[in-house]
Amino acid sequence: MTRLETAIHLIGLSRDYTTHLLDQTKEEHWFVQPPGGVTHIGWQVGHLADAEFRLALDRVRGSTPEDAELVPADFGRLFARESVPDPDPSKNPIQSAIRAVFDRVHHRVLQELPGLRADE
């Protein structure tokens with residue numbers, strides 16, 4: 001197995017585990033920030049989507065005009081590294097919108113990564 005195939009396989013395993021947990025999580029729990037906790041599920045999922053986009057697409061192939069369809073303009077402000085999670089649901093996209101970005105980004109990663117050259 002090549003390094004790229006291994007990376008894609010491991011991304012898939014992580015994704016499967018995460019979606020299994022999310023599928024069992026009630027929507028009303030997405031923005032609950034436990035006492036002493038620093039994030040909530042909504043922020044974690046948004047952060048995973050932003051990180052997958054930045055690390056597996058943007059840094060590898062650069063920005064494309066189609067990226068605006070994948071990730072809304074304010075998404076990074078809400079979920080990027082060093083952003084501050086807000087447990088107020090009205091200050092966040094709704095759960096289904098966050099999950100849609102999470103799914104779209106992953107789908108695009110699976111489309112684009114297999115076509116990379118070894119040196120990329």
# chains A, B, ... in the order shown; residues from 1 in each chain; ligands from 1
$ residues_around --residues "A:Val71" --least-positions-apart "4" --cutoff "9 Å" --atoms "only C-alpha atoms" --output "list in words"
Ala49, Asp50, Phe53, Asp67, Phe75, Gly76, Val101, Phe102, Arg104 and Val105 of chain A
$ select_by_dssp --residues "chain A" --states "alpha helix (DSSP H)" --output "number ranges by chain"
A: 3-23, 41-53, 59-61, 67-70, 75-79, 95-112
$ closest_residue --among "A:His29, A:His106, A:Arg117, A:His40" --to "A:Ala56" --atoms "only C-alpha atoms"
A:His106
$ residues_around --residues "A:Thr39" --least-positions-apart "3" --cutoff "10 Å" --atoms "only C-alpha atoms" --output "CSV table (one decimal) with C-alpha atoms, in the first residue's frame"
chain,number,residue,atom,x,y,z
A,31,PHE,CA,-24.3,22.9,21.3
A,32,VAL,CA,-24.2,21.8,25.0
A,33,GLN,CA,-20.9,22.8,26.4
A,34,PRO,CA,-20.2,20.8,29.6
A,36,GLY,CA,-15.3,23.1,32.5
A,42,GLY,CA,-21.1,21.4,16.9
A,43,TRP,CA,-17.7,23.1,17.2
A,44,GLN,CA,-15.9,19.8,17.0
A,84,VAL,CA,-13.6,30.3,20.3
A,85,PRO,CA,-16.6,28.0,20.5
A,86,ASP,CA,-19.9,29.7,21.4
A,87,PRO,CA,-22.5,27.3,23.0
$ closest_residue --among "A:Leu113, A:Glu5, A:Val45, A:Gly12" --to "A:Val60" --atoms "only C-alpha atoms"
A:Leu113
$ atom_distance --atom1 "atom CA of A:Pro65" --atom2 "atom CA of A:Gln111"
16.5 Å
$ residues_around --residues "A:Leu116" --least-positions-apart "6" --cutoff "12 Å" --atoms "only C-alpha atoms" --output "list in words"
Thr2, Arg3, Leu4, Glu5, Ala7, Ile8, Ala56, Leu57, Val60, Arg61, Val109 and Leu110 of chain A
$ write_last_selection --atoms "C-alpha atoms" --output "JSON list (two decimals), in the first residue's frame"
[["chain", "number", "residue", "atom", "x", "y", "z"],
["A", 2, "THR", "CA", 1.39, 3.44, -0.92],
["A", 3, "ARG", "CA", 1.62, 6.30, 1.60],
["A", 4, "LEU", "CA", -1.31, 7.97, -0.14],
["A", 5, "GLU", "CA", -3.42, 4.80, -0.01],
["A", 7, "ALA", "CA", -3.56, 8.04, 4.35],
["A", 8, "ILE", "CA", -6.88, 7.61, 2.53],
["A", 56, "ALA", "CA", -6.33, 17.64, 2.54],
["A", 57, "LEU", "CA", -7.45, 20.13, -0.11],
["A", 60, "VAL", "CA", -2.33, 20.35, -1.19],
["A", 61, "ARG", "CA", -3.79, 21.93, -4.30],
["A", 109, "VAL", "CA", -11.38, 14.81, -0.36],
["A", 110, "LEU", "CA", -12.22, 11.26, -1.46]]
$ closest_residue --among "A:Asn92, A:Thr6, A:Ser63, A:Thr19" --to "A:Leu78" --atoms "only C-alpha atoms"
A:Asn92
$ closest_residue --among "A:Arg59, A:His107, A:His47, A:His9" --to "A:Ala80" --atoms "only C-alpha atoms"
A:His47
